[in-house]
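Engineer: Structure: start.txt, compact mmCIF, C-alpha atoms.
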```txt
# COMPACT_ATOMS: atom_id res chain seq x y z
CA MET A 23 43.97 -3.49 90.04
CA ARG A 24 42.77 -6.76 91.58
CA SER A 25 42.76 -5.12 94.99
CA VAL A 26 39.79 -2.94 94.17
CA TYR A 27 36.41 -4.40 93.25
CA PHE A 28 34.06 -2.40 91.13
CA ALA A 29 30.33 -2.71 90.99
CA LEU A 30 30.24 -0.89 87.69
CA CYS A 31 31.88 -1.99 84.47
CA ILE A 32 35.40 -0.86 83.75
CA CYS A 33 35.48 1.18 80.57
CA LEU A 34 38.72 0.98 78.64
CA LEU A 35 38.10 3.43 75.81
CA GLY A 36 40.11 6.64 75.99
CA GLY A 37 39.49 10.24 74.99
CA ALA A 38 36.23 12.11 74.61
CA LEU A 39 33.40 10.51 72.67
CA VAL A 40 29.85 11.30 71.73
CA PHE A 41 27.64 8.34 70.99
CA ALA A 42 24.01 7.39 70.64
CA HIS A 43 22.58 6.09 73.85
CA GLN A 44 19.44 4.39 75.04
CA PRO A 45 17.37 6.90 77.04
CA LEU A 46 18.22 6.51 80.73
CA LYS A 47 15.96 6.73 83.70
CA LYS A 48 16.40 9.83 85.85
CA THR A 49 17.93 8.64 89.08
CA ASN A 50 18.57 11.77 91.12
CA ASP A 51 17.25 15.26 91.52
CA HIS A 52 20.41 16.89 90.22
CA SER A 53 19.77 15.81 86.64
CA THR A 54 16.98 18.22 85.85
CA ASP A 55 16.65 21.98 85.85
CA VAL A 56 13.65 23.30 87.75
CA ALA A 57 13.17 26.23 85.37
CA ASN A 58 13.53 23.98 82.31
CA PRO A 59 11.94 20.61 83.10
CA GLN A 60 12.53 19.44 79.53
CA ALA A 61 16.29 19.69 80.07
CA GLY A 62 17.80 16.62 81.74
CA LEU A 63 21.40 15.56 82.12
CA GLN A 64 22.76 12.55 83.96
CA LEU A 65 26.36 11.82 84.89
CA GLU A 66 27.56 8.25 85.41
CA THR A 67 31.12 7.39 86.43
CA GLY A 68 33.12 4.24 85.78
CA ILE A 69 36.62 3.26 86.79
CA VAL A 70 39.26 3.13 84.07
CA ASP A 71 42.24 2.69 86.38
CA ALA A 72 42.80 2.41 90.13
CA LYS A 73 45.86 2.11 92.31
CA TYR A 74 46.66 2.49 95.97
CA CYS A 75 49.42 5.05 96.42
CA ARG A 76 51.52 6.50 99.17
CA TYR A 77 52.86 10.04 99.39
CA GLY A 78 54.98 10.75 102.42
CA LEU A 79 53.04 9.42 105.39
CA SER A 80 49.71 9.53 103.56
CA ARG A 81 47.93 6.86 101.55
CA TYR A 82 45.37 7.47 98.88
CA LEU A 83 43.37 5.69 96.21
CA ALA A 84 44.19 7.17 92.79
CA LEU A 85 41.33 6.66 90.37
CA THR A 86 41.02 7.49 86.71
CA LEU A 87 37.32 7.86 86.09
CA ARG A 88 35.33 7.76 82.90
CA LEU A 89 32.62 10.44 82.94
CA SER A 90 29.53 9.73 80.84
CA PHE A 91 27.11 12.63 80.45
CA ALA A 92 23.76 11.51 79.03
CA ASN A 93 20.96 13.73 77.82
CA ILE A 94 17.91 12.22 79.53
CA GLY A 95 15.60 15.12 78.70
CA THR A 96 13.62 16.02 75.63
CA MET A 97 15.63 19.00 74.36
CA PRO A 98 19.24 19.36 73.15
CA ILE A 99 21.83 19.98 75.87
CA ILE A 100 24.88 22.15 75.19
CA LEU A 101 27.82 20.99 77.30
CA ASP A 102 31.36 22.35 77.60
CA LYS A 103 33.88 19.80 76.33
CA ASN A 104 36.14 20.66 79.29
CA SER A 105 33.56 19.30 81.74
CA SER A 106 35.92 17.20 83.83
CA ALA A 107 37.10 19.47 86.67
CA ILE A 108 35.91 18.16 90.02
CA GLY A 109 34.66 20.57 92.66
CA ARG A 110 33.60 18.09 95.30
CA GLU A 111 34.12 14.42 96.20
CA MET A 112 31.45 12.77 98.33
CA VAL A 113 31.49 9.25 99.75
CA THR A 114 28.78 7.43 101.67
CA ARG A 115 28.36 3.96 103.12
CA THR A 116 24.90 3.42 101.65
CA LEU A 117 22.77 4.60 98.75
CA GLU A 118 20.26 5.91 101.28
CA HIS A 119 22.94 8.14 102.80
CA ALA A 120 23.92 9.32 99.32
CA ALA A 121 20.30 10.31 98.62
CA ALA A 122 20.12 12.11 101.97
CA GLY A 123 23.50 13.86 101.55
CA LYS A 124 24.94 12.23 104.69
CA TYR A 125 28.57 12.01 103.63
CA GLU A 126 31.27 10.17 105.54
CA TYR A 127 33.88 11.83 103.30
CA ASP A 128 33.26 15.28 101.84
CA ALA A 129 36.12 17.10 100.13
CA ASN A 130 35.87 20.45 98.33
CA ILE A 131 38.49 21.23 95.73
CA HIS A 132 39.48 24.78 94.82
CA ALA A 133 41.55 26.43 92.13
CA VAL A 134 42.56 29.87 93.43
CA ASP A 135 45.15 31.46 91.15
CA ALA A 136 44.89 32.07 87.42
CA ARG A 137 47.28 29.29 86.40
CA SER A 138 45.47 26.68 88.47
CA LEU A 139 42.16 27.80 86.97
CA GLN A 140 43.65 27.32 83.51
CA ASP A 141 44.95 23.90 84.55
CA ALA A 142 41.38 23.06 85.58
CA GLY A 143 40.15 24.02 82.11
CA VAL A 144 39.01 27.62 82.63
CA ARG A 145 39.59 29.76 79.53
CA LEU A 146 40.61 33.13 80.94
CA ASP A 147 40.91 34.95 77.63
CA SER A 148 38.22 33.37 75.48
CA ASP A 149 34.52 33.91 74.92
CA PRO A 150 32.25 30.83 74.99
CA LYS A 151 32.47 30.05 71.28
CA PRO A 152 30.47 27.13 69.83
CA GLY A 153 33.63 25.09 69.18
CA PHE A 154 34.19 24.69 72.92
CA PHE A 155 30.89 22.86 73.33
CA VAL A 156 29.19 19.66 72.28
CA THR A 157 25.45 19.46 71.56
CA LEU A 158 23.78 16.36 72.92
CA GLU A 159 20.47 15.46 71.35
CA PRO A 160 18.02 13.56 73.59
CA GLY A 161 19.42 10.06 74.15
CA GLN A 162 22.97 11.02 73.20
CA SER A 163 25.90 11.02 75.59
CA PHE A 164 29.39 12.48 75.86
CA SER A 165 32.32 10.78 77.55
CA THR A 166 35.60 12.04 78.92
CA GLN A 167 37.97 11.17 81.74
CA THR A 168 39.19 12.70 84.98
CA ALA A 169 41.43 11.83 87.93
CA VAL A 170 40.36 11.52 91.56
CA ASN A 171 42.55 10.94 94.61
CA LEU A 172 40.77 9.73 97.75
CA SER A 173 42.62 9.87 101.07
CA LEU A 174 42.71 6.62 103.02
CA TYR A 175 42.61 5.89 106.73
CA ASP A 176 45.99 4.57 107.86
CA GLY A 177 45.20 3.63 111.45
CA ASN A 178 46.21 7.01 112.88
CA LYS A 179 43.84 9.45 114.51
CA ASP A 180 44.59 12.27 112.07
CA THR A 181 43.25 10.19 109.18
CA GLU A 182 40.12 9.08 111.05
CA ASP A 183 37.94 11.10 108.62
CA ASP A 184 39.48 9.43 105.56
CA LEU A 185 38.14 6.33 103.83
CA HIS A 186 38.11 3.12 105.82
CA PRO A 187 38.14 -0.40 104.32
CA GLY A 188 34.80 -1.68 103.10
CA ARG A 189 32.08 -0.91 100.61
CA HIS A 190 31.34 2.73 99.75
CA PHE A 191 29.57 4.86 97.17
CA LEU A 192 31.40 7.71 95.44
CA GLN A 193 29.79 10.80 93.93
CA ILE A 194 31.59 13.75 92.37
CA PHE A 195 30.45 17.25 91.44
CA VAL A 196 31.76 18.22 88.02
CA TYR A 197 31.90 21.81 86.80
CA THR A 198 30.33 22.50 83.41
CA TRP A 199 31.22 26.19 82.88
CA TYR A 200 34.80 27.28 82.13
CA PHE A 201 34.73 31.03 81.50
CA ILE A 202 35.44 34.07 83.69
CA ALA A 203 31.87 35.44 83.69
CA PRO A 204 28.40 33.89 83.82
CA PRO A 205 26.75 32.90 80.51
CA ASP A 206 24.24 35.78 80.65
CA LYS A 207 27.03 38.37 80.55
CA TYR A 208 28.37 37.41 77.12
CA PRO A 209 27.11 39.44 74.15
CA ASP A 210 26.74 36.45 71.83
CA GLN A 211 24.11 34.14 73.31
CA TRP A 212 24.30 31.70 70.38
CA TRP A 213 23.28 28.75 72.55
CA LYS A 214 19.78 30.09 73.14
CA SER A 215 18.67 29.02 69.67
CA LYS A 216 20.43 25.65 69.87
CA GLY A 217 19.20 24.08 73.10
CA TYR A 218 19.77 24.27 76.84
CA LEU A 219 23.21 25.42 78.04
CA TRP A 220 24.14 23.22 81.02
CA SER A 221 26.34 25.62 83.02
CA GLN A 222 25.35 24.81 86.60
CA GLY A 223 27.57 21.75 87.06
CA ILE A 224 26.33 18.27 87.88
CA LYS A 225 26.61 15.67 90.61
CA SER A 226 27.24 12.12 89.44
CA ASN A 227 25.10 9.16 90.35
CA PRO A 228 26.61 7.05 93.16
CA MET A 229 29.26 4.57 92.04
CA ALA A 230 30.10 1.59 94.24
CA LEU A 231 33.69 0.83 95.18
CA VAL A 232 35.32 -1.32 97.84
CA ILE A 233 38.42 -0.26 99.75
CA GLU A 234 40.62 -3.25 100.50
CA LYS A 235 41.71 -4.00 104.08
CA GLN A 236 45.30 -4.67 103.12
CA PRO A 237 45.87 -3.13 99.72
CA ASN A 238 49.08 -3.30 97.76
CA VAL A 239 50.28 0.29 98.20
CA ILE A 240 52.87 1.62 95.78
CA ALA A 241 54.85 4.86 95.56
CA CYS A 242 53.15 6.95 92.89
CA SER A 243 54.50 10.04 91.19
CA LYS A 244 52.47 13.14 92.03
CA MET B 29 52.39 20.57 107.52
CA LYS B 30 52.11 16.80 107.13
CA ASP B 31 54.12 15.27 104.29
CA ALA B 32 55.87 18.53 103.44
CA THR B 33 59.47 18.57 102.27
CA PRO B 34 61.73 21.05 104.10
CA GLY B 35 61.30 23.52 101.22
CA GLN B 36 57.53 23.16 101.25
CA GLN B 37 57.49 23.57 105.03
CA ASP B 38 59.51 26.79 104.70
CA ARG B 39 57.04 28.20 102.15
CA PHE B 40 54.12 27.13 104.31
CA ASN B 41 55.66 28.81 107.37
CA ASP B 42 56.26 32.02 105.40
CA ALA B 43 52.70 32.00 104.03
CA TYR B 44 51.18 31.20 107.41
CA ASN B 45 53.12 34.03 109.06
CA GLU B 46 52.12 36.43 106.27
CA PHE B 47 48.47 35.50 106.78
CA LEU B 48 48.82 35.82 110.58
CA LYS B 49 50.44 39.24 110.16
CA ARG B 50 47.43 40.41 108.19
CA LEU B 51 44.96 38.91 110.69
CA LYS B 52 46.75 40.60 113.59
CA ALA B 53 47.28 44.01 111.96
CA ASN B 54 46.18 46.95 114.10
CA GLY B 55 45.77 44.68 117.09
CA GLY B 56 43.21 42.55 115.24
CA ASP B 57 40.97 45.51 114.40
CA ASN B 58 41.11 45.11 110.63
CA PRO B 59 38.86 43.90 107.76
CA CYS B 60 40.78 40.62 107.39
CA ALA B 61 40.18 39.52 110.98
CA LYS B 62 36.56 40.73 110.70
CA LEU B 63 36.04 38.52 107.63
CA PHE B 64 36.90 35.50 109.77
CA GLY B 65 34.64 36.50 112.66
CA GLY B 66 37.28 38.40 114.61
CA LEU B 67 40.89 37.66 115.50
CA ALA B 68 40.08 35.39 118.45
CA ASN B 69 37.74 33.25 116.34
CA ALA B 70 40.21 33.07 113.48
CA LEU B 71 43.08 31.98 115.74
CA LYS B 72 40.87 29.41 117.45
CA THR B 73 39.84 27.85 114.12
CA LEU B 74 43.42 28.00 112.80
CA ALA B 75 44.60 26.08 115.86
CA LYS B 76 42.04 23.37 115.12
CA THR B 77 43.04 23.04 111.46
CA ASN B 78 45.30 20.31 110.10
CA PHE B 79 47.48 21.09 107.09
CA THR B 80 48.72 18.48 104.63
CA ALA B 81 50.79 18.61 101.44
CA ALA B 82 49.36 16.48 98.61
CA SER B 83 48.11 16.76 95.04
CA GLU B 84 44.37 16.31 95.36
CA GLY B 85 43.30 18.47 92.42
CA GLY B 86 43.05 22.25 92.13
CA ASN B 87 45.34 24.35 94.36
CA ALA B 88 43.97 22.96 97.53
CA GLN B 89 41.20 21.01 99.18
CA THR B 90 39.18 21.33 102.36
CA LYS B 91 37.79 18.26 104.06
CA GLY B 92 36.48 18.64 107.58
CA ARG B 93 39.28 20.12 109.67
CA THR B 94 41.95 19.42 107.08
CA ILE B 95 43.29 21.79 104.44
CA THR B 96 45.36 20.02 101.81
CA ILE B 97 47.73 22.19 99.78
CA ASP B 98 49.06 21.03 96.42
CA PRO B 99 52.83 21.60 96.55
CA THR B 100 53.16 21.26 92.77
CA LYS B 101 50.97 24.31 92.11
CA PRO B 102 51.56 28.08 92.60
CA PHE B 103 51.63 27.73 96.39
CA MET B 104 55.28 26.80 95.84
CA ASP B 105 55.87 29.02 92.79
CA ALA B 106 59.28 30.69 92.72
CA SER B 107 58.95 32.76 89.55
CA GLY B 108 58.47 35.98 91.52
CA TYR B 109 54.77 36.57 91.00
CA VAL B 110 51.39 34.84 90.68
CA TRP B 111 48.16 36.08 89.12
CA ILE B 112 44.95 35.82 91.13
CA LEU B 113 41.63 36.22 89.30
CA THR B 114 39.27 38.59 91.12
CA GLY B 115 36.55 39.21 88.53
CA TYR B 116 36.02 40.42 85.01
CA ASP B 117 35.69 43.73 83.24
CA ILE B 118 33.90 44.78 80.08
CA ALA B 119 36.23 46.15 77.41
CA ARG B 120 35.00 47.93 74.29
CA THR B 121 36.55 46.74 71.05
CA ASP B 122 36.03 47.53 67.35
CA GLY B 123 33.76 44.49 67.10
CA GLY B 124 31.66 45.30 70.16
CA ILE B 125 32.43 44.36 73.73
CA GLN B 126 34.70 41.77 75.23
CA LEU B 127 34.88 40.36 78.76
CA VAL B 128 38.39 40.45 80.11
CA PRO B 129 39.78 38.99 83.33
CA GLN B 130 40.54 41.25 86.28
CA LYS B 131 43.41 40.04 88.36
CA ILE B 132 45.97 41.05 90.93
CA THR B 133 49.65 40.27 90.69
CA VAL B 134 51.19 39.22 93.98
CA GLY B 135 54.60 37.99 95.09
CA ASN B 136 55.19 34.31 95.76
CA VAL B 137 54.84 34.34 99.55
CA GLU B 138 51.82 36.65 99.34
CA ALA B 139 50.26 34.30 96.77
CA ALA B 140 50.75 31.35 99.10
CA ALA B 141 49.24 33.41 101.93
CA PHE B 142 46.32 34.32 99.64
CA ILE B 143 45.73 30.62 98.86
CA LEU B 144 45.86 29.84 102.59
CA ALA B 145 43.38 32.64 103.33
CA HIS B 146 41.05 31.42 100.55
CA GLU B 147 41.10 27.85 101.89
CA PHE B 148 40.74 29.05 105.46
CA ALA B 149 37.63 30.99 104.41
CA HIS B 150 36.14 27.75 103.05
CA ARG B 151 37.18 25.92 106.23
CA SER B 152 35.64 28.67 108.39
CA ASP B 153 32.35 28.87 106.42
CA VAL B 154 32.81 32.62 106.05
CA LYS B 155 29.50 34.35 105.38
CA GLY B 156 29.06 35.14 101.70
CA PHE B 157 31.92 32.87 100.64
CA GLU B 158 30.64 30.42 98.03
CA PRO B 159 31.41 26.75 98.79
CA ASN B 160 31.73 25.86 95.09
CA ASP B 161 34.29 28.11 93.42
CA ALA B 162 33.08 27.41 89.87
CA ASN B 163 29.42 28.10 90.55
CA VAL B 164 27.69 30.89 88.70
CA ILE B 165 26.29 33.30 91.30
CA THR B 166 22.74 34.47 90.73
CA LEU B 167 21.50 37.55 92.56
CA GLY B 168 17.91 38.74 92.16
CA GLY B 169 17.39 36.43 89.21
CA THR B 170 20.44 37.78 87.38
CA GLN B 171 23.69 35.94 86.85
CA ALA B 172 26.16 38.07 88.77
CA GLY B 173 29.55 36.39 88.68
CA PHE B 174 31.88 33.46 88.83
CA ALA B 175 32.07 32.23 92.45
CA GLY B 176 35.81 31.59 92.55
CA ALA B 177 36.62 35.11 91.40
CA ARG B 178 34.06 36.64 93.77
CA ASN B 179 35.53 34.61 96.63
CA ASN B 180 38.99 35.86 95.69
CA GLU B 181 37.69 39.43 95.58
CA MET B 182 36.34 39.03 99.13
CA ILE B 183 39.78 37.88 100.29
CA ARG B 184 41.51 40.67 98.36
CA LYS B 185 39.30 43.41 99.76
CA ALA B 186 39.56 42.21 103.34
CA CYS B 187 43.13 40.95 103.56
CA PHE B 188 45.11 42.12 100.50
CA GLY B 189 43.51 45.53 99.92
CA GLU B 190 46.80 47.12 98.88
CA HIS B 191 46.55 45.22 95.58
CA THR B 192 44.27 46.81 92.98
CA PRO B 193 42.74 44.55 90.32
CA GLN B 194 43.83 45.31 86.77
```
Rewrite the coordinates I just gave you, this time as structure tokens.
Structural biologist:
Amino acid sequence: MRSVYFALCICLLGGALVFAHQPLKKTNDHSTDVANPQAGLQLETGIVDAKYCRYGLSRYLALTLRLSFANIGTMPIILDKNSSAIGREMVTRTLEHAAAGKYEYDANIHAVDARSLQDAGVRLDSDPKPGFFVTLEPGQSFSTQTAVNLSLYDGNKDTEDDLHPGRHFLQIFVYTWYFIAPPDKYPDQWWKSKGYLWSQGIKSNPMALVIEKQPNVIACSK
Amino acid sequence: MKDATPGQQDRFNDAYNEFLKRLKANGGDNPCAKLFGGLANALKTLAKTNFTAASEGGNAQTKGRTITIDPTKPFMDASGYVWILTGYDIARTDGGIQLVPQKITVGNVEAAAFILAHEFAHRSDVKGFEPNDANVITLGGTQAGFAGARNNEMIRKACFGEHTPQ
């Protein structure tokens, strides 16, 4: 753990939690919905665990991230409790590059078959019932965890596009809808009277991390 | 495929050859090759693609020229068949209507080839193929579908048309 420095605090609590939260400032344009300016959601990430791993000839940084979704708007947000599947991992060298979308590392993750979709949290045979969701009042937040593996440069040309030692900023895109059809297609639109259903996914605010020059790499089980 | 065990390499080779067979069918004059901009384009992009075995989340990952396949997921399944979600259907029940998944059932090597084709479509920026599989697609102001399933349906129609969703 000492081989990775974190700019953000390390959160050690486990599981999913909802707690009262001081209203946060909106820090990126992915936290609001154009059609519903009163609805605002912000995603912050923090590192719970980190280790440098090797798998075959490859090296990667295995992170366990805490995801904290905060309602920064003025109306209730309805969020799927499974909101932890990552669709995209984006890394930049600077905050300016993060704001401009100039990524040095840009990985898209896909679940193709039915079992992998279920592993990612998609409920193939269920309707979006209220029990699957949490309602966040303005100022409230919801926390859960997820795992991220970031490929590392190992000095060879074929890993040139992977992460090099130094300071970086990580952002992830997290899916927030886990059903086989879009929300509008379901006969019971119970959420419409409860608040704003956040189904479009969300990109996290940039989180700083430093990749060590000579990390202690261990064999990890995958 | 980098970091593949011999067994994983065998499955990859079988899947790759299955995908190539479909791309080259009828001398390259087929919907699968057309989806990828023609056989010549598809082969050119395939030749410039690196393949790696690793668990990065999901079935697979695309990053630049690299496609990473998760060898612990159905790419390596040996149960005989794999389900691929291609959309949803509306079923009438006593209580009203219910949305049910539409899927195809394919053999293990075909499933691996399907996963390869899906990832290759992301890698190739195929027109109409949604970059984010879990996005909700909106057409004309109406929510039309779940991107991953619609992407799979594009692959099915073009390359695995002999399988009918059920």
Engineer: With a distance threshold of 6 Å and counting only C-alpha atoms, extract the residues of chain A near chain B and express them as a PyMOL selection string.
Structural biologist: chain A and resi 78+128-133+135-136+171+203-204
Engineer: Give me, please, the distance in Å between atom CA of A:Ile233 and atom CA of A:Asn178, quoted to one decimal.
Structural biologist: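 Computing it gives 16.9 Å between the two atoms.
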Engineer: In Å, with one decimal, what is the gap from atom CA of A:Gln211 to atom CA of A:Gly62?
Structural biologist: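 Separation of atom CA of A:Gln211 and atom CA of A:Gly62: 20.4 Å.
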Engineer: Just the number, please: distance in Å from atom CA of A:His190 to atom CA of A:Val113, one decimal.
Structural biologist: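 Interatomic distance, atom CA of A:His190 to atom CA of A:Val113: 6.5 Å.
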Engineer: Which of these, B:Tyr109, B:Phe79, B:Phe148, B:Phe64, has the shortest distance to B:Gln36 once you count only C-alpha atoms?
Structural biologist: B:Phe79
Engineer: Name the residues in contact with B:Arg50 at a cut-off of 12 Å, using all atoms listed in the file, excluding same-chain residues fewer than 2 positions from it; report them as number ranges by chain.
Structural biologist: B: 43-48, 52-64, 67, 70, 138, 141-142, 145, 183-184, 186-190
Engineer: Mind checking which residues fall within 9 Å of A:Ile194, counting all atoms listed in the file, ignoring those fewer than 5 positions away in the same chain, and posting them as a list in words?
Structural biologist: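 With the cut-off at 9 Å, the set is Thr67, Ile108, Gly109, Arg110, Glu111, Met112, Val113, Ile224, Lys225, Ser226, Asn227 and Pro228 of chain A.
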Engineer: What residues have an atom no more than 8 Å from (13.5, 22.2, 79.0) in the file's own frame, counting all atoms listed in the file, and can you write them as a PyMOL selection string?
Structural biologist: chain A and resi 55+57-62+95-97+218
Engineer: Given the choices A:Pro237, A:Pro150, A:Gly161, A:Gly188, which gets closest to A:Trp213 if the distance is worked out from only C-alpha atoms?
Structural biologist: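 Once distances to A:Trp213 are computed over only C-alpha atoms, the minimum belongs to A:Pro150.
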Engineer: I'd like to know which of B:Ala119, B:Ala68, B:Met104, B:Met182 is closest to B:Phe157, using all atoms listed in the file.
Structural biologist: B:Met182
Engineer: What residues have an atom no more than 10 Å from (34.4, 23.7, 73.2) in the file's own frame, counting only C-alpha atoms, and can you write them as a list in words?
Structural biologist: Ile100, Leu101, Asp102, Lys103, Asn104, Ser105, Pro150, Lys151, Pro152, Gly153, Phe154, Phe155, Val156 and Tyr200 of chain A
Engineer: List the spatial neighbours of stretch 84-87 of chain A as an MDAnalysis selection string - criterion: any atom at most 6 Å away, only C-alpha atoms, same-chain residues fewer than 4 positions off excluded.
Structural biologist: chainID A and resid 68:73 167:171
Engineer: Where's the centre, and what are the edge lengths in Å to one decimal, of a box along x, y and z enclosing all listed atoms of stretch 167-179 of chain A padded 3 Å per side, as JSON?
Structural biologist:
```
{"center_x": 42.1, "center_y": 8.2, "center_z": 98.1, "size_x": 14.2, "size_y": 15.1, "size_z": 38.8}
```
